[in-house]
$ cat input.txt   # compact mmCIF, N, CA and C atoms
# COMPACT_ATOMS: atom_id res chain seq x y z
N MET A 18 -0.26 -24.79 13.62
CA MET A 18 -1.35 -24.09 12.97
C MET A 18 -2.38 -23.70 14.01
N ALA A 19 -2.95 -22.51 13.85
CA ALA A 19 -3.96 -22.02 14.78
C ALA A 19 -5.23 -22.85 14.64
N GLU A 20 -5.94 -22.94 15.75
CA GLU A 20 -7.20 -23.67 15.74
C GLU A 20 -8.24 -22.87 14.97
N LEU A 21 -9.04 -23.54 14.17
CA LEU A 21 -10.05 -22.87 13.36
C LEU A 21 -11.40 -22.94 14.03
N SER A 22 -12.20 -21.89 13.86
CA SER A 22 -13.58 -21.85 14.34
C SER A 22 -14.49 -21.77 13.13
N ARG A 23 -15.58 -22.48 13.18
CA ARG A 23 -16.56 -22.42 12.10
C ARG A 23 -17.66 -21.46 12.50
N ILE A 24 -18.07 -20.62 11.52
CA ILE A 24 -19.17 -19.68 11.75
C ILE A 24 -20.15 -19.80 10.60
N GLY A 25 -21.36 -19.35 10.82
CA GLY A 25 -22.36 -19.31 9.75
C GLY A 25 -22.65 -17.86 9.41
N VAL A 26 -22.83 -17.60 8.14
CA VAL A 26 -23.13 -16.24 7.69
C VAL A 26 -24.31 -16.31 6.74
N ALA A 27 -25.32 -15.48 6.98
CA ALA A 27 -26.48 -15.41 6.09
C ALA A 27 -26.24 -14.28 5.10
N ILE A 28 -26.29 -14.61 3.79
CA ILE A 28 -26.03 -13.63 2.74
C ILE A 28 -27.09 -13.77 1.66
N ASP A 29 -27.59 -12.65 1.20
CA ASP A 29 -28.54 -12.61 0.10
C ASP A 29 -27.96 -13.37 -1.10
N ASP A 30 -28.79 -14.13 -1.79
CA ASP A 30 -28.33 -14.95 -2.92
C ASP A 30 -27.61 -14.14 -3.99
N ALA A 31 -28.14 -12.97 -4.33
CA ALA A 31 -27.52 -12.15 -5.37
C ALA A 31 -26.14 -11.66 -4.92
N LEU A 32 -26.03 -11.27 -3.66
CA LEU A 32 -24.75 -10.81 -3.13
C LEU A 32 -23.74 -11.96 -3.10
N LEU A 33 -24.19 -13.14 -2.71
CA LEU A 33 -23.31 -14.30 -2.68
C LEU A 33 -22.82 -14.65 -4.09
N GLU A 34 -23.69 -14.54 -5.07
CA GLU A 34 -23.28 -14.82 -6.45
C GLU A 34 -22.21 -13.82 -6.90
N GLN A 35 -22.39 -12.55 -6.57
CA GLN A 35 -21.39 -11.53 -6.91
C GLN A 35 -20.07 -11.83 -6.21
N PHE A 36 -20.15 -12.23 -4.94
CA PHE A 36 -18.94 -12.56 -4.18
C PHE A 36 -18.23 -13.75 -4.79
N ASP A 37 -18.98 -14.78 -5.15
CA ASP A 37 -18.38 -15.96 -5.77
C ASP A 37 -17.69 -15.60 -7.09
N ASN A 38 -18.31 -14.74 -7.88
CA ASN A 38 -17.69 -14.30 -9.13
C ASN A 38 -16.39 -13.53 -8.85
N LEU A 39 -16.42 -12.66 -7.85
CA LEU A 39 -15.24 -11.89 -7.48
C LEU A 39 -14.10 -12.80 -7.04
N ILE A 40 -14.38 -13.73 -6.15
CA ILE A 40 -13.30 -14.57 -5.64
C ILE A 40 -12.78 -15.53 -6.72
N ALA A 41 -13.64 -15.91 -7.66
CA ALA A 41 -13.18 -16.76 -8.76
C ALA A 41 -12.21 -15.98 -9.65
N THR A 42 -12.51 -14.72 -9.94
CA THR A 42 -11.61 -13.93 -10.79
C THR A 42 -10.29 -13.63 -10.08
N ARG A 43 -10.31 -13.62 -8.76
CA ARG A 43 -9.07 -13.37 -8.00
C ARG A 43 -8.30 -14.66 -7.70
N GLY A 44 -8.87 -15.79 -8.06
CA GLY A 44 -8.15 -17.04 -7.93
C GLY A 44 -8.29 -17.76 -6.60
N TYR A 45 -9.23 -17.35 -5.78
CA TYR A 45 -9.45 -18.08 -4.52
C TYR A 45 -10.03 -19.45 -4.82
N THR A 46 -9.61 -20.43 -4.05
CA THR A 46 -10.15 -21.78 -4.24
C THR A 46 -11.35 -22.05 -3.35
N ASN A 47 -11.56 -21.16 -2.36
CA ASN A 47 -12.71 -21.34 -1.49
C ASN A 47 -13.12 -20.01 -0.86
N ARG A 48 -14.34 -19.95 -0.36
CA ARG A 48 -14.86 -18.73 0.26
C ARG A 48 -14.15 -18.40 1.56
N SER A 49 -13.74 -19.41 2.30
CA SER A 49 -13.14 -19.17 3.61
C SER A 49 -11.91 -18.28 3.53
N GLU A 50 -11.03 -18.59 2.59
CA GLU A 50 -9.81 -17.77 2.48
C GLU A 50 -10.15 -16.35 2.03
N ALA A 51 -11.13 -16.20 1.17
CA ALA A 51 -11.55 -14.87 0.74
C ALA A 51 -12.12 -14.08 1.92
N PHE A 52 -12.95 -14.72 2.75
CA PHE A 52 -13.47 -14.05 3.95
C PHE A 52 -12.34 -13.67 4.90
N ARG A 53 -11.38 -14.57 5.10
CA ARG A 53 -10.24 -14.27 5.99
C ARG A 53 -9.48 -13.06 5.47
N ASP A 54 -9.25 -12.97 4.15
CA ASP A 54 -8.53 -11.83 3.59
C ASP A 54 -9.31 -10.53 3.76
N LEU A 55 -10.62 -10.59 3.58
CA LEU A 55 -11.44 -9.40 3.81
C LEU A 55 -11.34 -8.92 5.26
N ILE A 56 -11.38 -9.86 6.18
CA ILE A 56 -11.28 -9.51 7.60
C ILE A 56 -9.90 -8.94 7.91
N ARG A 57 -8.84 -9.58 7.40
CA ARG A 57 -7.48 -9.06 7.62
C ARG A 57 -7.34 -7.64 7.08
N ASN A 58 -7.89 -7.40 5.89
CA ASN A 58 -7.80 -6.07 5.30
C ASN A 58 -8.48 -5.02 6.19
N GLU A 59 -9.62 -5.35 6.72
CA GLU A 59 -10.32 -4.41 7.61
C GLU A 59 -9.52 -4.17 8.89
N LEU A 60 -8.88 -5.22 9.41
CA LEU A 60 -8.06 -5.05 10.61
C LEU A 60 -6.84 -4.16 10.35
N VAL A 61 -6.24 -4.30 9.17
CA VAL A 61 -5.12 -3.41 8.80
C VAL A 61 -5.62 -1.97 8.72
N GLN A 62 -6.79 -1.77 8.12
CA GLN A 62 -7.35 -0.41 8.03
C GLN A 62 -7.59 0.17 9.42
N GLU A 63 -8.05 -0.63 10.35
CA GLU A 63 -8.25 -0.16 11.72
C GLU A 63 -6.92 0.23 12.36
N THR A 64 -5.88 -0.56 12.11
CA THR A 64 -4.55 -0.24 12.64
C THR A 64 -4.09 1.10 12.11
N TRP A 65 -4.33 1.37 10.82
CA TRP A 65 -3.93 2.65 10.23
C TRP A 65 -4.70 3.81 10.82
N GLN A 66 -5.90 3.57 11.33
CA GLN A 66 -6.68 4.65 11.96
C GLN A 66 -6.12 5.01 13.33
N ALA A 67 -5.44 4.06 13.98
CA ALA A 67 -4.81 4.31 15.29
C ALA A 67 -3.44 4.92 15.03
N SER A 68 -3.33 6.23 15.05
CA SER A 68 -2.13 6.93 14.59
C SER A 68 -0.88 6.63 15.42
N GLU A 69 -1.01 6.02 16.57
CA GLU A 69 0.16 5.72 17.40
C GLU A 69 0.74 4.34 17.12
N ARG A 70 0.10 3.54 16.30
CA ARG A 70 0.60 2.21 15.98
C ARG A 70 1.63 2.28 14.87
N GLU A 71 2.63 1.39 14.92
CA GLU A 71 3.61 1.32 13.84
C GLU A 71 2.99 0.58 12.66
N VAL A 72 3.18 1.17 11.49
CA VAL A 72 2.64 0.59 10.27
C VAL A 72 3.77 0.54 9.23
N PHE A 73 3.50 -0.14 8.16
CA PHE A 73 4.47 -0.31 7.08
C PHE A 73 3.76 -0.06 5.76
N GLY A 74 4.54 0.24 4.74
CA GLY A 74 3.92 0.45 3.45
C GLY A 74 4.94 0.62 2.35
N THR A 75 4.42 0.77 1.15
CA THR A 75 5.25 1.10 0.00
C THR A 75 4.67 2.36 -0.63
N VAL A 76 5.57 3.23 -1.03
CA VAL A 76 5.19 4.39 -1.82
C VAL A 76 5.71 4.12 -3.23
N THR A 77 4.80 4.08 -4.19
CA THR A 77 5.17 3.82 -5.57
C THR A 77 5.01 5.12 -6.35
N LEU A 78 6.08 5.51 -7.03
CA LEU A 78 6.09 6.76 -7.80
C LEU A 78 6.48 6.48 -9.24
N VAL A 79 5.82 7.14 -10.17
CA VAL A 79 6.25 7.19 -11.56
C VAL A 79 6.48 8.66 -11.85
N TYR A 80 7.68 8.97 -12.35
CA TYR A 80 7.98 10.37 -12.60
C TYR A 80 8.90 10.55 -13.80
N ASP A 81 8.88 11.76 -14.32
CA ASP A 81 9.73 12.13 -15.44
C ASP A 81 11.06 12.62 -14.88
N HIS A 82 12.12 11.89 -15.13
CA HIS A 82 13.40 12.26 -14.53
C HIS A 82 14.01 13.50 -15.18
N HIS A 83 13.40 14.00 -16.24
CA HIS A 83 13.88 15.24 -16.87
C HIS A 83 13.37 16.49 -16.15
N VAL A 84 12.40 16.32 -15.25
CA VAL A 84 11.92 17.47 -14.49
C VAL A 84 13.06 17.96 -13.61
N ARG A 85 13.35 19.24 -13.73
CA ARG A 85 14.49 19.86 -13.07
C ARG A 85 14.54 19.57 -11.57
N GLN A 86 15.61 18.95 -11.14
CA GLN A 86 15.95 18.66 -9.75
C GLN A 86 14.97 17.74 -9.01
N LEU A 87 14.05 17.10 -9.74
CA LEU A 87 13.08 16.24 -9.07
C LEU A 87 13.76 15.07 -8.37
N ALA A 88 14.67 14.38 -9.04
CA ALA A 88 15.35 13.24 -8.42
C ALA A 88 16.09 13.68 -7.16
N ASP A 89 16.73 14.84 -7.21
CA ASP A 89 17.43 15.36 -6.03
C ASP A 89 16.45 15.67 -4.90
N LYS A 90 15.32 16.27 -5.22
CA LYS A 90 14.32 16.60 -4.20
C LYS A 90 13.75 15.33 -3.55
N LEU A 91 13.51 14.31 -4.36
CA LEU A 91 13.02 13.04 -3.80
C LEU A 91 14.05 12.45 -2.85
N THR A 92 15.33 12.50 -3.25
CA THR A 92 16.40 11.96 -2.40
C THR A 92 16.54 12.76 -1.12
N VAL A 93 16.48 14.08 -1.20
CA VAL A 93 16.61 14.94 -0.01
C VAL A 93 15.48 14.63 0.98
N LEU A 94 14.26 14.49 0.47
CA LEU A 94 13.13 14.18 1.35
C LEU A 94 13.30 12.82 2.02
N GLN A 95 13.79 11.84 1.27
CA GLN A 95 14.00 10.52 1.86
C GLN A 95 15.10 10.57 2.92
N HIS A 96 16.16 11.33 2.67
CA HIS A 96 17.22 11.47 3.67
C HIS A 96 16.72 12.19 4.92
N ALA A 97 15.82 13.13 4.74
CA ALA A 97 15.26 13.86 5.88
C ALA A 97 14.44 12.94 6.77
N HIS A 98 13.97 11.84 6.21
CA HIS A 98 13.15 10.88 6.97
C HIS A 98 13.82 9.50 6.97
N PHE A 99 15.14 9.49 7.13
CA PHE A 99 15.90 8.24 7.05
C PHE A 99 15.44 7.19 8.06
N ALA A 100 14.90 7.62 9.20
CA ALA A 100 14.43 6.65 10.20
C ALA A 100 13.17 5.93 9.73
N ASN A 101 12.46 6.53 8.78
CA ASN A 101 11.23 5.93 8.28
C ASN A 101 11.43 5.18 6.97
N ILE A 102 12.41 5.58 6.19
CA ILE A 102 12.64 4.96 4.88
C ILE A 102 13.54 3.74 5.07
N MET A 103 13.01 2.58 4.77
CA MET A 103 13.76 1.34 4.98
C MET A 103 14.62 0.99 3.77
N ALA A 104 14.10 1.25 2.57
CA ALA A 104 14.82 0.91 1.34
C ALA A 104 14.06 1.52 0.18
N ASN A 105 14.72 1.54 -0.98
CA ASN A 105 14.01 1.93 -2.19
C ASN A 105 14.60 1.21 -3.39
N MET A 106 13.81 1.17 -4.45
CA MET A 106 14.24 0.56 -5.69
C MET A 106 13.89 1.53 -6.81
N HIS A 107 14.83 1.76 -7.70
CA HIS A 107 14.65 2.70 -8.80
C HIS A 107 14.80 1.94 -10.11
N VAL A 108 13.82 2.12 -11.01
CA VAL A 108 13.83 1.42 -12.30
C VAL A 108 13.62 2.44 -13.41
N HIS A 109 14.41 2.34 -14.46
CA HIS A 109 14.24 3.19 -15.64
C HIS A 109 13.22 2.52 -16.56
N LEU A 110 12.07 3.15 -16.74
CA LEU A 110 11.00 2.57 -17.56
C LEU A 110 11.23 2.82 -19.05
N ASP A 111 11.67 4.02 -19.36
CA ASP A 111 11.99 4.39 -20.73
C ASP A 111 12.90 5.61 -20.67
N HIS A 112 13.05 6.31 -21.79
CA HIS A 112 13.98 7.44 -21.84
C HIS A 112 13.59 8.57 -20.87
N HIS A 113 12.30 8.71 -20.59
CA HIS A 113 11.83 9.82 -19.75
C HIS A 113 11.35 9.40 -18.36
N ASN A 114 10.82 8.22 -18.24
CA ASN A 114 10.09 7.84 -17.02
C ASN A 114 10.85 6.88 -16.13
N CYS A 115 10.72 7.12 -14.84
CA CYS A 115 11.32 6.25 -13.82
C CYS A 115 10.21 5.76 -12.89
N LEU A 116 10.43 4.59 -12.34
CA LEU A 116 9.56 4.02 -11.32
C LEU A 116 10.39 3.89 -10.07
N GLU A 117 9.87 4.39 -8.96
CA GLU A 117 10.57 4.25 -7.69
C GLU A 117 9.61 3.65 -6.68
N VAL A 118 10.06 2.62 -5.98
CA VAL A 118 9.28 1.99 -4.92
C VAL A 118 10.05 2.19 -3.63
N ILE A 119 9.40 2.79 -2.64
CA ILE A 119 10.03 3.15 -1.38
C ILE A 119 9.34 2.39 -0.26
N LEU A 120 10.12 1.64 0.52
CA LEU A 120 9.59 0.93 1.68
C LEU A 120 9.66 1.88 2.87
N ILE A 121 8.54 2.01 3.57
CA ILE A 121 8.44 3.00 4.63
C ILE A 121 7.78 2.41 5.86
N ARG A 122 8.16 2.96 7.03
CA ARG A 122 7.57 2.50 8.28
C ARG A 122 7.46 3.67 9.24
N GLY A 123 6.61 3.52 10.24
CA GLY A 123 6.45 4.55 11.25
C GLY A 123 5.02 4.60 11.73
N LYS A 124 4.70 5.63 12.49
CA LYS A 124 3.32 5.82 12.92
C LYS A 124 2.50 6.20 11.69
N SER A 125 1.24 5.77 11.65
CA SER A 125 0.46 5.90 10.42
C SER A 125 0.36 7.34 9.93
N LYS A 126 0.16 8.28 10.82
CA LYS A 126 0.04 9.69 10.40
C LYS A 126 1.36 10.18 9.80
N GLU A 127 2.46 9.79 10.42
CA GLU A 127 3.79 10.18 9.94
C GLU A 127 4.06 9.59 8.55
N VAL A 128 3.75 8.32 8.36
CA VAL A 128 3.96 7.65 7.07
C VAL A 128 3.10 8.31 6.00
N GLN A 129 1.86 8.61 6.33
CA GLN A 129 0.96 9.26 5.36
C GLN A 129 1.49 10.63 4.97
N THR A 130 2.02 11.38 5.93
CA THR A 130 2.55 12.72 5.66
C THR A 130 3.75 12.64 4.71
N ILE A 131 4.66 11.71 4.97
CA ILE A 131 5.83 11.54 4.11
C ILE A 131 5.41 11.11 2.71
N ALA A 132 4.51 10.15 2.63
CA ALA A 132 4.02 9.67 1.33
C ALA A 132 3.37 10.81 0.55
N ASN A 133 2.55 11.60 1.21
CA ASN A 133 1.89 12.72 0.54
C ASN A 133 2.92 13.71 -0.02
N ALA A 134 3.96 13.98 0.76
CA ALA A 134 5.00 14.91 0.31
C ALA A 134 5.72 14.37 -0.93
N LEU A 135 6.01 13.09 -0.95
CA LEU A 135 6.66 12.48 -2.11
C LEU A 135 5.76 12.52 -3.34
N ILE A 136 4.51 12.14 -3.16
CA ILE A 136 3.56 12.04 -4.27
C ILE A 136 3.23 13.42 -4.84
N ALA A 137 3.22 14.44 -4.00
CA ALA A 137 2.82 15.79 -4.43
C ALA A 137 3.92 16.57 -5.13
N MET A 138 5.13 16.04 -5.19
CA MET A 138 6.22 16.78 -5.82
C MET A 138 5.94 16.99 -7.31
N LYS A 139 6.26 18.20 -7.78
CA LYS A 139 6.06 18.54 -9.19
C LYS A 139 6.91 17.61 -10.06
N GLY A 140 6.28 16.98 -11.03
CA GLY A 140 6.96 16.05 -11.91
C GLY A 140 6.58 14.61 -11.65
N VAL A 141 6.00 14.33 -10.47
CA VAL A 141 5.52 12.97 -10.18
C VAL A 141 4.21 12.80 -10.94
N LYS A 142 4.19 11.84 -11.84
CA LYS A 142 3.01 11.61 -12.69
C LYS A 142 1.94 10.79 -11.97
N HIS A 143 2.40 9.87 -11.15
CA HIS A 143 1.48 9.01 -10.40
C HIS A 143 2.17 8.53 -9.15
N GLY A 144 1.43 8.50 -8.08
CA GLY A 144 1.97 7.99 -6.83
C GLY A 144 0.88 7.34 -6.00
N ARG A 145 1.29 6.36 -5.22
CA ARG A 145 0.32 5.67 -4.37
C ARG A 145 1.01 5.10 -3.15
N LEU A 146 0.35 5.23 -2.02
CA LEU A 146 0.79 4.57 -0.79
C LEU A 146 -0.03 3.32 -0.62
N THR A 147 0.65 2.20 -0.48
CA THR A 147 -0.01 0.94 -0.17
C THR A 147 0.35 0.59 1.26
N ALA A 148 -0.65 0.44 2.09
CA ALA A 148 -0.44 0.32 3.53
C ALA A 148 -0.65 -1.11 4.01
N THR A 149 0.11 -1.45 5.04
CA THR A 149 -0.08 -2.73 5.72
C THR A 149 0.35 -2.57 7.17
N ALA A 150 0.17 -3.59 7.94
CA ALA A 150 0.59 -3.60 9.34
C ALA A 150 0.99 -5.01 9.71
N ALA A 151 1.86 -5.10 10.70
CA ALA A 151 2.33 -6.42 11.13
C ALA A 151 1.35 -7.05 12.10
$ encode --input "input.txt" --output "structure tokens"
Amino acid sequence: MAELSRIGVAIDDALLEQFDNLIATRGYTNRSEAFRDLIRNELVQETWQASEREVFGTVTLVYDHHVRQLADKLTVLQHAHFANIMANMHVHLDHHNCLEVILIRGKSKEVQTIANALIAMKGVKHGRLTATAA
């Protein structure tokens, strides 16, 4: 286990109360882990700003599979970027709607461009890129 350092942080009482309420609703057992997660999240965001760093993410799509050739277009785009697409999962939500989760990797700008192309396809009802870094 890594060695821990203790730090002191001065926070306005009202802000601390809001923070405590937030971490309680998210299930944190202590402030330290919540602070660590906030710091990690900011570091991931910084990594995504450095367009030459390798990043990872998921592209989540909900779409109507009855839209003409949409499934084929999504597949063609993924094949065109096979070096970036690690895997995908396809789920039938109901008679009309499908959920697809695509695992993606690459330089942050490249990943964002591919995700935008997938999300912007006609027939995609909702899409989101969730980003992370190693």
$ residues_around --input "input.txt" --residues "Gly140 (chain A)" --least-positions-apart "3" --cutoff "12 Å" --atoms "only C-alpha atoms" --output "short mmCIF file (atom, residue, chain, number, x, y, z; two decimals) with N, CA and C atoms, keeping the file's coordinate frame"
data_model
loop_
_atom_site.label_atom_id
_atom_site.label_comp_id
_atom_site.auth_asym_id
_atom_site.auth_seq_id
_atom_site.Cartn_x
_atom_site.Cartn_y
_atom_site.Cartn_z
N LEU A 78 6.08 5.51 -7.03
CA LEU A 78 6.09 6.76 -7.80
C LEU A 78 6.48 6.48 -9.24
N VAL A 79 5.82 7.14 -10.17
CA VAL A 79 6.25 7.19 -11.56
C VAL A 79 6.48 8.66 -11.85
N TYR A 80 7.68 8.97 -12.35
CA TYR A 80 7.98 10.37 -12.60
C TYR A 80 8.90 10.55 -13.80
N ASP A 81 8.88 11.76 -14.32
CA ASP A 81 9.73 12.13 -15.44
C ASP A 81 11.06 12.62 -14.88
N HIS A 82 12.12 11.89 -15.13
CA HIS A 82 13.40 12.26 -14.53
C HIS A 82 14.01 13.50 -15.18
N HIS A 83 13.40 14.00 -16.24
CA HIS A 83 13.88 15.24 -16.87
C HIS A 83 13.37 16.49 -16.15
N VAL A 84 12.40 16.32 -15.25
CA VAL A 84 11.92 17.47 -14.49
C VAL A 84 13.06 17.96 -13.61
N ARG A 85 13.35 19.24 -13.73
CA ARG A 85 14.49 19.86 -13.07
C ARG A 85 14.54 19.57 -11.57
N GLN A 86 15.61 18.95 -11.14
CA GLN A 86 15.95 18.66 -9.75
C GLN A 86 14.97 17.74 -9.01
N LEU A 87 14.05 17.10 -9.74
CA LEU A 87 13.08 16.24 -9.07
C LEU A 87 13.76 15.07 -8.37
N ALA A 88 14.67 14.38 -9.04
CA ALA A 88 15.35 13.24 -8.42
C ALA A 88 16.09 13.68 -7.16
N LYS A 90 15.32 16.27 -5.22
CA LYS A 90 14.32 16.60 -4.20
C LYS A 90 13.75 15.33 -3.55
N LEU A 91 13.51 14.31 -4.36
CA LEU A 91 13.02 13.04 -3.80
C LEU A 91 14.05 12.45 -2.85
N HIS A 113 12.30 8.71 -20.59
CA HIS A 113 11.83 9.82 -19.75
C HIS A 113 11.35 9.40 -18.36
N ASN A 114 10.82 8.22 -18.24
CA ASN A 114 10.09 7.84 -17.02
C ASN A 114 10.85 6.88 -16.13
N CYS A 115 10.72 7.12 -14.84
CA CYS A 115 11.32 6.25 -13.82
C CYS A 115 10.21 5.76 -12.89
N LEU A 135 6.01 13.09 -0.95
CA LEU A 135 6.66 12.48 -2.11
C LEU A 135 5.76 12.52 -3.34
N ILE A 136 4.51 12.14 -3.16
CA ILE A 136 3.56 12.04 -4.27
C ILE A 136 3.23 13.42 -4.84
N ALA A 137 3.22 14.44 -4.00
CA ALA A 137 2.82 15.79 -4.43
C ALA A 137 3.92 16.57 -5.13
N HIS A 143 2.40 9.87 -11.15
CA HIS A 143 1.48 9.01 -10.40
C HIS A 143 2.17 8.53 -9.15
N GLY A 144 1.43 8.50 -8.08
CA GLY A 144 1.97 7.99 -6.83
C GLY A 144 0.88 7.34 -6.00
#
$ atom_distance --input "input.txt" --atom1 "atom C of Ile121 (chain A)" --atom2 "CA of Ile102 (chain A)"
5.6 Å
$ closest_residue --input "input.txt" --among "A:Asn133, A:Leu32, A:Lys126, A:Arg48" --to "Trp65 (chain A)" --atoms "all atoms listed in the file"
A:Lys126
$ residues_near_point --input "input.txt" --point "(2.6, -2.2, 12.2)" --cutoff "7 Å" --atoms "all atoms listed in the file" --output "list in words"
Arg70, Glu71, Val72, Phe73, Thr149, Ala150 and Ala151 of chain A
$ closest_residue --input "input.txt" --among "A:Ala31, A:Ile24, A:Ala67, A:Gly74" --to "Phe52 (chain A)" --atoms "only C-alpha atoms"
A:Ile24
$ residues_around --input "input.txt" --residues "region 104-108 of chain A" --least-positions-apart "2" --cutoff "5 Å" --atoms "only N, CA and C atoms" --output "list in words"
Ile102, Leu110, Cys115, Leu116, Glu117, Val118, Ile119 and Leu120 of chain A
$ atom_distance --input "input.txt" --atom1 "atom C of Gly123 (chain A)" --atom2 "atom C of Glu50 (chain A)"
27.6 Å
$ select_by_dssp --input "input.txt" --residues "chain A" --states "strand (DSSP E)" --output "ChimeraX atom specification"
/A:71-81,102-109,114-124,141-149
$ atom_distance --input "input.txt" --atom1 "atom N of Glu63 (chain A)" --atom2 "atom C of Ala148 (chain A)"
9.8 Å
$ closest_residue --input "input.txt" --among "A:Ser125, A:Ser49, A:Thr130, A:Thr92" --to "Val26 (chain A)" --atoms "only C-alpha atoms"
A:Ser49
$ select_by_dssp --input "input.txt" --residues "chain A" --states "alpha helix (DSSP H)" --output "PyMOL selection string"
chain A and resi 30-42+48-66+87-97+125-136
